[in-house]
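Below: the structure, in structure tokens.
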Amino acid sequence: MIKFDAVNKRFPNGTTAVHDLTLEMPEGGITVLVGSSGCGKTTTLRMINRMVDPTSGTIRLGGKDVLEQDAAELRRGIGYVIQQSGLFPHRTVLDNIATVPLLLGWGRKKARARAAELLETVGLTAEAGKRYPHQLSGGQQQRVGVARALAADPPVLLMDEPFGAVDPVVRTQLQDELIRLQRELNKTIAFVTHDIDEAVRLGDRIAVFRTGGHLVQCAAPAELLARPADDFVADFLGAERELKLLSLTTLAEVPLQRATTVREDAPAPPAGSGPLLVVSARNEPLGWLDPSGTDAAPLTPVRPLRDTDTLLAALNESIASPAGLIARVDADGVLTGVTSREAIHEHAGRRHQEAARAAVSLTEATALSKTPGGTV
Amino acid sequence: MYELFKDLGSWLVSSEQWTGPDGIGHRLAEHLQYSLIATVIAAVIALPLGLLIGHTGRGAFLAINLASFGRALPTVGLVVLVFLASGLSMTPVYVALVALAIPSIVTNTYAGMTAVDPEVKDAARGQGMRGRQVLLQVEIPLALPLIMTGLRLALIQVVATATIAAYVSFGGLGRYVFDGLAQRDLVQVLGGAVLVAVVAVVLDLALSGLQRVLFRHRTAA
């Protein structure tokens with residue numbers, strides 16, 4: 001666990017980068033630090049591995065004060081990924097990844113073997129290991145950056161806008177990979193970004209910073225979206241924050257209805273019976289049939305959703321579907337039923353209220369704990 | 001004019017010109033020996049200085065001003081000055097050549113060090129390298145192309161200027177120039193000058209070729 005206690009950082013030129021910060025980053029979770037530029041989020045991150053030392057206050061990593069440790073040794077025990085990857089241009093990809101193991105004195109052979117293993121972990125080919133960083137794409141370089149940070153298997157990873165310099169498609173891929181990796185590795189990750197969508201996607205907790213190094217709110221994404229602490233946070237989350245909340249909830253709990261289906265090889269049904277879902281012999285949804293149209297009318301395409309898909313995806317699909325119905329399937333793609341737009345809406349509204357209520361009770365609990373002797 | 005070049009041609013190819021203690025072979029060896037010794041001494045002084053200034057960022061004004069100082073340095077004047085102070089030996093020659101070579105090496109080394117991407121240095125520290133490891137494993141390897149350029153320029157300058165050894169009665173290709181001037185033998189003067197120029201150009205081409213081979217993996221940074 002990473003714990004900030006009344007940490008301040010003032011630079012010699014008089015600017016305050018971080019102001020009276022008290023914050024806990026739970027073990028095995030991703031804590032995202034967000035805020036506009038100059039809000040102290042990067043400085044906060046860099047104080048964890050002593051790239052910057054605080055002016056006052058203490059930072060504990062696994063219970064130990066970081067200032068009492070040798071800076072270089074501390075850093076070898078913490079993975080560090082930066083924007084533009086910061087790879088060594090004169091070393092091959094494999095040797096870049098082997099940096100920390102070599103610094104720890106593993107010996108060249110063992111360090112290279114570990115590096116080769118990590119190439120695969122981050123989704124690169126063994127052949128890429130022999131290349132130089134400038135021969136890779138931006139996304140690949142970022143993967144190498146992550147592999148380098150993971151090389152000595154540190155319990156903590158610091159990521160400073162690691163996906164800031166790649167295009168949106170690659171960024172989404174890298175985010176997915178990070179989520180996948182994190183499921184396997186369970187690292188304690190501190191992640192800096194200015195992209196609120198990235199924060200919502202990746203964060204177990206999100207800490208929102210305001211200019212001048214003030215922490216405004218630190219909460220789980222759902223709580224943050226449902227109950228922003230003030231107008232600043234609300235503005236930062238943007239006008240679509242309720243929709244972002246939908247992206248955090250899956251379809252699993254939304255009730256299923258029986259679907260009216262017709263087999264693709266069956267004769268056309270009589271007109272006027274409403275939209276029908278055409279399914280294959282294996283009961284896989286193929287498309288919507290509107291019987292009011294002519295025989296030759298093409299099927300309206302269907303994008304079947306699983307229980308693991310988000311409410312946002314469901315809402316999106318229901319808008320496109322002719323009767324406002326979404327087709328739902330199991331892991332094998334076999335139809336399990338349909339859900340109406342109304343049911344999705346209702347569930348979304350309920351989820352929002354729940355998240356808001358949870359946030360309120362949590363705030364009250366903290367308020368009570370801070371005023372001893374307070375009455376309810 | 002044509003006669004002069006014809007005489008120069010026969011001077012350069014005649015076999016007695018290439019052998020013996022006054023032959024081109026021997027003079028060339030002397031010339032290269034002076035040049036190498038002077039450049040090595042200059043490197044021993046200038047490399048650590050350039051690296052130190054580049055690594056710490058302190059004393060940058062020195063590195064920058066040395067360049068203009070080097071350009072303004074009156075080499076022959078320096079030889080005479082040290083000659084008057086220390087008497088007849090190779091010392092004045094080496095002092096002058098070393099002083100000539102130092103600025104190129106310091107400024108290029110410094111330039112190479114400051115050209116290293118600060119993000120890369122930051123990443124090196126962030127992975128847990130200590131100051132000395134950053135210097136040896138990241139900064140020097142990345143600055144190496146420019147450091148080598150500095151050494152090459154210094155060597156070429158020294159080769160072109162090492163003729164002054166003959167001015168204070170020592171050997172080298174300068175012998176032909178100064179003897180030729182004394183004997184009013186224009187062919188010999190020209191022969192010496194051409195040889196010095198050819199040696200300088202050949203060394204320059206060979207060393208830049210070597211640099212290209214060594215750093216072929218680098219981006220055009």
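Chain labels run A, B, ... following the order of the structure tokens; each chain numbers its residues from 1, and ligands are numbered from 1 in the order shown.
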For chain A, work out the contacting residues on chain B at 7 Å, counting only C-alpha atoms, and write them as a compact mmCIF listing (two decimals) with C-alpha atoms, in the first residue's frame.
# COMPACT_ATOMS: atom_id res chain seq x y z
CA GLU B 119 13.41 11.91 -20.99
CA VAL B 120 15.90 9.10 -21.51
CA ALA B 123 13.96 7.12 -17.36
CA GLY B 126 13.75 6.18 -12.69
CA GLN B 127 14.81 2.57 -13.34
CA GLY B 128 17.28 2.91 -10.47
CA MET B 129 20.59 3.84 -12.13
CA ARG B 130 22.98 5.86 -10.01
CA LEU B 142 24.48 8.30 -26.64
CA ARG B 218 21.29 5.11 -34.61
Would you return as a ChimeraX atom specification the members of stretch 230-272 of chain A that DSSP assigns to helix (DSSP H, G or I) on this structure's backbone? /A:231-237,241-246,251-253
Write out the residues from the selection above, keeping C-alpha atoms, as a short mmCIF file (atom, residue, chain, number, x, y, z; two decimals), in the first residue's frame.
data_model
loop_
_atom_site.label_atom_id
_atom_site.label_comp_id
_atom_site.auth_asym_id
_atom_site.auth_seq_id
_atom_site.Cartn_x
_atom_site.Cartn_y
_atom_site.Cartn_z
CA ASP A 231 -18.58 21.80 -9.35
CA PHE A 232 -14.92 21.48 -10.24
CA VAL A 233 -15.08 17.68 -10.20
CA ALA A 234 -18.46 17.69 -11.98
CA ASP A 235 -17.02 19.90 -14.73
CA PHE A 236 -13.97 17.73 -14.99
CA LEU A 237 -16.09 14.59 -15.35
CA ARG A 241 -20.85 11.58 -16.65
CA GLU A 242 -24.12 9.66 -16.19
CA LEU A 243 -23.37 7.78 -19.40
CA LYS A 244 -19.86 7.08 -18.18
CA LEU A 245 -21.44 5.52 -15.13
CA LEU A 246 -23.31 3.16 -17.46
CA LEU A 251 -25.82 -6.25 -18.28
CA ALA A 252 -25.66 -9.25 -15.94
CA GLU A 253 -28.32 -8.02 -13.51
#
Enumerate as a VMD selection string all residues of stretch 141-221 of chain A assigned to strand (DSSP E) by DSSP on the backbone, naming them with the chain letters and numbers the document uses. chain A and resid 156 to 160 188 to 193 205 to 210 214 to 219
Spatial neighbours of A:Gln140, 10 Å, only C-alpha atoms, chain gap at least 2 places, as a PyMOL selection string: chain A and resi 85+122-124+128+133+135-138+142-146+166+170+174
Any chance you could export the current selection's N, CA and C atoms as a tab-separated table (two decimals), in the first residue's frame?
chain	number	residue	atom	x	y	z
A	85	SER	N	7.69	6.59	-23.58
A	85	SER	CA	8.39	5.37	-23.17
A	85	SER	C	9.81	5.56	-22.60
A	122	VAL	N	3.70	-8.91	-22.85
A	122	VAL	CA	3.11	-7.65	-23.31
A	122	VAL	C	2.69	-7.71	-24.78
A	123	GLY	N	2.71	-8.92	-25.35
A	123	GLY	CA	2.17	-9.09	-26.69
A	123	GLY	C	3.10	-8.69	-27.82
A	124	LEU	N	4.41	-8.89	-27.63
A	124	LEU	CA	5.35	-8.63	-28.73
A	124	LEU	C	6.01	-9.94	-29.13
A	128	ALA	N	10.92	-8.96	-32.26
A	128	ALA	CA	10.96	-7.54	-31.88
A	128	ALA	C	12.06	-7.26	-30.87
A	133	PRO	N	14.66	0.52	-30.44
A	133	PRO	CA	13.38	1.18	-30.16
A	133	PRO	C	12.83	2.00	-31.33
A	135	GLN	N	12.85	1.48	-34.29
A	135	GLN	CA	12.29	0.65	-35.37
A	135	GLN	C	10.89	0.15	-35.04
A	136	LEU	N	10.37	0.51	-33.85
A	136	LEU	CA	9.04	0.07	-33.45
A	136	LEU	C	8.04	1.22	-33.55
A	137	SER	N	6.74	0.87	-33.62
A	137	SER	CA	5.70	1.89	-33.61
A	137	SER	C	5.55	2.44	-32.19
A	138	GLY	N	4.84	3.57	-32.09
A	138	GLY	CA	4.62	4.19	-30.78
A	138	GLY	C	3.97	3.23	-29.79
A	142	GLN	N	5.55	1.64	-26.27
A	142	GLN	CA	4.90	1.73	-24.98
A	142	GLN	C	4.81	0.36	-24.32
A	143	ARG	N	4.57	-0.69	-25.14
A	143	ARG	CA	4.55	-2.05	-24.59
A	143	ARG	C	5.91	-2.42	-24.02
A	144	VAL	N	6.96	-2.02	-24.74
A	144	VAL	CA	8.31	-2.30	-24.25
A	144	VAL	C	8.52	-1.57	-22.92
A	145	GLY	N	8.02	-0.33	-22.84
A	145	GLY	CA	8.12	0.44	-21.60
A	145	GLY	C	7.47	-0.29	-20.44
A	146	VAL	N	6.31	-0.88	-20.70
A	146	VAL	CA	5.62	-1.64	-19.65
A	146	VAL	C	6.42	-2.90	-19.28
A	166	VAL	N	-0.07	7.92	-27.94
A	166	VAL	CA	-0.45	7.01	-29.02
A	166	VAL	C	-1.87	7.33	-29.49
A	170	VAL	N	-5.02	2.57	-30.67
A	170	VAL	CA	-3.95	1.86	-29.97
A	170	VAL	C	-4.09	2.06	-28.46
A	174	LEU	N	-4.12	-0.79	-25.62
A	174	LEU	CA	-3.15	-0.84	-24.52
A	174	LEU	C	-3.88	-0.84	-23.17
Residue nearest B:Gln157 among B:Thr19, B:Thr75, B:Ser169, B:Gln211 (counting only C-alpha atoms): B:Thr75
Near B:Leu88, within 10 Å and counting only C-alpha atoms, which residues show up once chain neighbours fewer than 6 positions away are dropped, as a PyMOL selection string? chain B and resi 82+168-170
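Shortest separation to B:Thr107 among B:Gly191, B:Pro48, B:Gly25, B:Gly150 occurs at residue B:Gly150, atoms counted being only C-alpha atoms.
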For atom CA of B:Phe69 and atom CA of B:Gly87, quote the distance in Å rounded to one decimal. 25.8 Å
Tell me, as a PyMOL selection string, which residues lie within 9 Å of stretch 185-199 of chain A, counting only C-alpha atoms; anything in the same chain fewer than 4 positions away does not count. chain A and resi 1-2+25-37+41-42+45+154-164+172+175+180-181+203-206+221+236-238+244
Just the residues within 12 Å of B:Met1, please, counting only C-alpha atoms, with nothing from its chain fewer than 5 positions along; format it as a JSON list (two decimals) with N, CA and C atoms, in the first residue's frame.
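Saved as out06.json:
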[["chain", "number", "residue", "atom", "x", "y", "z"],
["B", 6, "LYS", "N", 54.45, 19.20, -63.05],
["B", 6, "LYS", "CA", 55.19, 18.05, -63.58],
["B", 6, "LYS", "C", 56.34, 17.71, -62.64],
["B", 7, "ASP", "N", 57.04, 18.75, -62.16],
["B", 7, "ASP", "CA", 58.14, 18.55, -61.22],
["B", 7, "ASP", "C", 57.62, 17.97, -59.91],
["B", 8, "LEU", "N", 56.45, 18.49, -59.47],
["B", 8, "LEU", "CA", 55.84, 17.99, -58.24],
["B", 8, "LEU", "C", 55.54, 16.51, -58.37],
["B", 186, "LEU", "N", 60.59, 25.50, -54.58],
["B", 186, "LEU", "CA", 59.13, 25.59, -54.56],
["B", 186, "LEU", "C", 58.47, 24.21, -54.66],
["B", 187, "VAL", "N", 59.12, 23.33, -55.44],
["B", 187, "VAL", "CA", 58.56, 21.98, -55.62],
["B", 187, "VAL", "C", 58.50, 21.25, -54.28]]
Using only C-alpha atoms, which residue out of A:Asp153, A:Asp5, A:Asp230, A:Glu223 lies closest to A:Ala355? A:Glu223
What lies within 10 Å of B:Leu173 using only C-alpha atoms, ignoring chain neighbours under 4 positions off, as number ranges by chain? B: 22-32, 159-160, 162-166, 177-178, 189, 191-196
Top pick for closest residue to B:Tyr94, considering B:Val116, B:Arg175, B:Ala42, B:Asp185 and counting only C-alpha atoms: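 So, comparing all the options, the nearest one is B:Ala42.
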